[in-house]
Every structure is written in structure tokens, then in C-alpha cells.
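Below: one structure, written as C-alpha cells.
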Protein chains: 2
Amino acid sequence: MAKPVGNESAPARNPERTRERILVAALKEFSAKGFAGARVDFIARRASINKRMLYHYFGDKEGLFKAVLRRKVSQRQAWAETLSGDPSETLGFWFEAACKDMDWVRMLEWEGLQHNGKIIDEKERLESVARGLKRIRQRQERGLLSSDLDPRQIMLTMRSLTMFPAAFPQLTRLITGRALNDPVFRKERVEFLKKIGLFLRPARGHRGKTNVVEQFS
Amino acid sequence: MAKPVGNESAPARNPERTRERILVAALKEFSAKGFAGARVDFIARRASINKRMLYHYFGDKEGLFKAVLRRKVSQRQAWAETLSGDPSETLGFWFEAACKDMDWVRMLEWEGLQHNGKIIDEKERLESVARGLKRIRQRQERGLLSSDLDPRQIMLTMRSLTMFPAAFPQLTRLITGRALNDPVFRKERVEFLKKIGLFLRPARGHRGKTNVVEQFS
DNA sequence: GTTCCAAGTAACTCTCTGGTTACTTATTGC
DNA sequence: GCAATAAGTAACCAGAGAGTTACTTGGAAC
């Protein structure tokens, strides 16, 4: 190691840190303004790096956008994986997660709006979906989820119910009269989703006593 | 009328038509690329008018964007109003409507992403929401919709269920394996929504025979 | 018919912005 | 040590794109 030991705080050169800084700044900028609205100079300034570096590491603006999206996708997957099997995986939980990680929701929105047919990191994402579907089928077998519902439709519906308010904050406000970040709205939505979860369980048999916290994954 | 009768097809001047052309072209452009991505010159070319006219009628790019959104909002409201009380107002119906009028969904998405606090045409939209809520309460009174669900939450949920796939076509594809416009996907989604509609009716009492087509508004 | 304004055109400007050139300096393999 | 290469800087550039200037023309009012 030629790196001066004991002076870890200010290494003259640090590609890893530079790359990271760019990605963090770019996520903020792209999430806030989208691809077309984002400004490369702004990202560079925010990251406190020279603009040239950005092109050095990511080629061009589009390359950077893709890198940011790719990174967010894998982060999100890693995070989701850690809590599989955890009983707190409910609609309410995912709803709260979406509200807290607006960057994620917004990046997906920008992606969807630009959508030209091909999806970034398609393979990994398909695998992630497959794992999610498996978990839904398990819940169906355990009688926590109505079996005559198509797992894929269930999954799409879960995403709808949990992400929509964060994706359309203005509609949330218009319809409920409260801002997305209003704790009252949050609480009411979570309670509502709890009920919806109950509705989605098999009608016949054990209705009313099964652990509410566990109906979804 | 000094306008040459019988030669309606080619009036030398026609402000109404020019305005209209600009709005139509602008809707396409903004819907496709968003505010930042849209190009004023492109809109002008598409509308076959001189760019200067665009500024003449709408002030600037932002004014045009607002005009487009405002127009779409009122069109949509007028349209929605004509079918109140119509039995075909179901989740499935609204879902199909969202898929067919992607411009609407996308404009709302752009609006939500730019969302800075203030909403265009807030007053009218609030009134429209209020009318929708009233209809939901009516359905609750008639026993078509569970009464222990908050009408506002129901409405937000309706929007979620019906608009989400159109708003996130890439997720739709990833999760269901089919494109938004694939008739198979459409059919499956409509069927699924029918079931969801059933689930949302009061548990006790008349379950199973009530007209499926009418549970929502 | 002539005045006056809205409708319309063509060419222009000037800033913003993605991307580059030409350079310096640290690090690493030998 | 010393090339060779990667990390980093500053100034620059060309083109795009929003908005304007300066002008012409149709048509309605009087």
C-alpha cells in the first residue's frame, strides 16, 4: 500500500469515492427532474467533482442515467431479499417503504415514461419477480391468500396499491385532502390496506382470526 | 359574415383552428416527452404553424403546458360526467379507459413528477372528486360496497388499480410477461378486477348474486 | 377606402448545456 | 527511479432550443 496510512480522510486520488459521489448526486438530480430535465453540470457541482470525470466514468449522460437506475434496481432487490419470510411484509409495510423511498418510485416512473421497449437489467428483475411470485403461491397454499386469484395479477395489484400514492402525490392530495407525508394519511392508508389484505383471503373457512400481519409478501 | 361561404376548407386566417392545432400537437409532444423533453419547434412543425403563433397564444412553453393539461382535465371531466349512473362504470371499464387514453395517464404522471405543491385547476378537480365520492357513498348505502371502508381510500384505490399498469408499462410487462396492449393481458386484468370488486362488497348478507357490473362508480 | 389590430411569417439572437481538447498530477507495475 | 496509465483540472466549443425582432397581410369597423 502506497496510500499514506493514518491520513485516510484525504487521499489525493480516490476513484471509488468519486464514482460513488457522482452516482449519489445523479440519483438525486435524475429522480427530481428526469433525464431531460437533469443537468450534467448540476450533478458535477453537487458531487464536487470535475464534469470531465463524469464522462470518464460513465461515457455520457445516458450512460450515467442507466448506471443510476441499474444501481437503484440492485440496491432495492438486495434490500427486498433481506426481508423475505419476515412477517412484516405486508401491504402497509410496502406502502410505507414506497413513501420513504420516493427516489425509487420516481426513477421507475421516469423509466416507464421513457419506456421504448427494452428494460434495464431485465434478467435480474425477472428473477426477482419470479421469487416474489413463488412467495405469493406459498401464501396461497397456506390459505392466507385466495387461491383463485392469479399470482401475477396479485403482484401487479400489490405494487399498484402500495406505489400509486407516491407516484401521483397530487392525486393523493386531491382525493384524500392530505399530503403524502401527512402522518394521518399514512396511518389511514395503512389501516385501509390492512382491510384490503383481509378481503383478499379465501372467503370460506378461517375468516377473521388469521394473523393480519402476514397475508402478503 | 364576411367569410367566403362555400369555401370553408381554406380560410386564410383562422385563430380557432390554429389554437386547436397547437394544443393537439402539444398534447402529443408533452405526453410523449414531458415538459423538459418536449421541443417547441417540434410542436410548431407538427401543428404546421409558425412558432411565433405559439408564443402569441400561450405566452411561453410553460403556459402551453398548463393549457394542455387544463384542457385535458376538463375534457376528461366532461367525459366522466356523461357516464355517471351508467352500469358499465366498473373497475374493468376504468382500467380499459386508462389503457386507451394513455395521454391522460402520462400527463398526470408528468404533473405528479413536477409536483411543486400547487395543482392546476384545483377547484374544478376538487368538485369532480366530491361528486365521485358521493357516488361511492351511494353504492355503500345500496350495499354494493363495504361500508366500513373510507370512501376517499376507496377512490384512491380505484385509481391505483385501474391506472397503475398504464403508468408503469415496464412493470406490467416484467410482472405479467405481457405488454399493456396485449389483449390477453387486458382480458385477464379485467377479470381479476371483477373479482376484486366482489371482494370489496359487504361480507355478510347478499354475497354472490348482486350485479357484478355495478359495484363501483 | 382607410385605419387599426389580430393573425401570420421569416430570420435572428443569445443563453444554456452536453460533450471535448489539452493539459497536469498521482499511482502502480517493473 | 521511471514509464505507462489512470485520476483529475480548466477552459473551451458547437449546436440546440427557447424566446424575439421586425416585418407583412387579412379582415372587420367606421
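Residues are named by chain letter and number: chains run A, B, ... in the order of the C-alpha cells, numbers start at 1 in each chain, and ligands are numbered from 1 in the order shown.
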
Contact set, chain D to chain A: 10 Å, only C-alpha atoms (C1' of nucleotides), as a PyMOL selection string: chain D and resi 6-10

Interface, chain A side, toward chain C (9 Å; only C-alpha atoms (C1' of nucleotides)) as an NGL selection string: :A and (2 or 12-13 or 39-41 or 52 or 55 or 60-61)

Expected file: the selected residues, C-alpha atoms, as a short mmCIF file (atom, residue, chain, number, x, y, z; two decimals), in the first residue's frame:
```cif
data_model
loop_
_atom_site.label_atom_id
_atom_site.label_comp_id
_atom_site.auth_asym_id
_atom_site.auth_seq_id
_atom_site.Cartn_x
_atom_site.Cartn_y
_atom_site.Cartn_z
CA ALA A 2 1.42 3.29 -1.08
CA ALA A 12 -5.40 12.76 -3.25
CA ARG A 13 -7.00 10.28 -5.65
CA ARG A 39 -28.33 18.99 -15.84
CA VAL A 40 -24.93 17.40 -16.10
CA ASP A 41 -23.16 20.47 -14.71
CA ARG A 52 -14.94 15.63 -17.10
CA TYR A 55 -17.74 11.40 -18.79
CA ASP A 60 -22.32 10.22 -21.44
CA LYS A 61 -25.48 11.43 -19.78
#
```

All residues 7 Å or closer to stretch 188-201 of chain A, only C-alpha atoms (C1' of nucleotides), same chain fewer than 6 positions away omitted, as a list in words: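 Everything that qualifies: Leu91, Gly92, Leu144, Leu145, Ser146 and Gln215 of chain A; Gln153, Phe199 and Leu200 of chain B.
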
Return the neighbours of chain A among the residues of chain B, cut-off 8 Å, counting only C-alpha atoms, as a tab-separated table (two decimals) with C-alpha atoms, in the first residue's frame.
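Listed below is the output, iface_16.tsv:
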```
chain	number	residue	atom	x	y	z
B	32	ALA	CA	-44.57	11.64	-25.03
B	33	LYS	CA	-41.57	13.56	-23.69
B	36	ALA	CA	-38.35	19.30	-20.24
B	37	GLY	CA	-38.11	16.78	-23.06
B	106	ARG	CA	-48.99	10.19	-18.81
B	108	LEU	CA	-50.92	13.10	-14.82
B	109	GLU	CA	-47.63	11.35	-14.32
B	111	GLU	CA	-47.72	16.55	-13.40
B	112	GLY	CA	-47.03	14.39	-10.38
B	113	LEU	CA	-43.32	14.28	-11.05
B	114	GLN	CA	-43.07	18.05	-11.41
B	115	HIS	CA	-45.41	18.46	-8.48
B	117	GLY	CA	-47.36	21.94	-4.33
B	119	ILE	CA	-52.22	21.89	-8.72
B	122	GLU	CA	-57.62	22.64	-8.35
B	125	ARG	CA	-60.88	18.89	-9.83
B	126	LEU	CA	-61.88	19.00	-6.18
B	129	VAL	CA	-63.66	14.34	-6.75
B	149	LEU	CA	-64.16	1.40	4.05
B	150	ASP	CA	-63.36	5.11	3.84
B	152	ARG	CA	-61.64	8.52	-0.06
B	153	GLN	CA	-59.45	5.49	0.35
B	155	MET	CA	-61.42	6.20	-4.60
B	156	LEU	CA	-57.64	6.35	-4.31
B	157	THR	CA	-57.60	2.58	-4.55
B	160	SER	CA	-54.48	2.80	-8.27
B	161	LEU	CA	-55.94	-0.42	-9.57
B	164	PHE	CA	-51.12	1.67	-12.47
B	165	PRO	CA	-50.48	-0.70	-15.36
B	167	ALA	CA	-48.48	4.34	-15.71
B	168	PHE	CA	-45.82	1.65	-15.34
B	169	PRO	CA	-45.95	-0.36	-18.55
B	170	GLN	CA	-42.48	-1.76	-17.96
B	171	LEU	CA	-43.52	-3.23	-14.61
B	172	THR	CA	-46.67	-4.63	-16.17
B	174	LEU	CA	-42.00	-7.56	-16.15
B	175	ILE	CA	-44.63	-8.96	-13.81
B	176	THR	CA	-47.21	-10.39	-16.18
B	189	ARG	CA	-56.79	-7.88	-15.76
B	192	PHE	CA	-59.19	-10.02	-11.93
B	196	ILE	CA	-61.60	-7.63	-6.58
B	199	PHE	CA	-64.30	-8.85	-2.56
B	200	LEU	CA	-64.99	-5.24	-1.73
```

Helix (DSSP H, G or I) residues, from DSSP on the backbone, in stretch 3-216 of chain A, as a ChimeraX atom specification: /A:15-37,40-47,51-58,61-82,91-100,102-114,122-141,151-167,169-176,183-199,212-214

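For chain A placed onto chain B with an all-Cα least-squares superposition, the residual RMSD comes to 0.1 Å.
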
Interatomic distance, atom CA of A:Lys28 to atom CA of A:Ala98 (Å, one decimal):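 Going from atom CA of A:Lys28 over to atom CA of A:Ala98 covers 16.0 Å.
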
Computed interatomic separation between atom CA of B:Arg71 and atom CA of B:Lys134 (Å):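 Those two atoms sit 24.5 Å apart.
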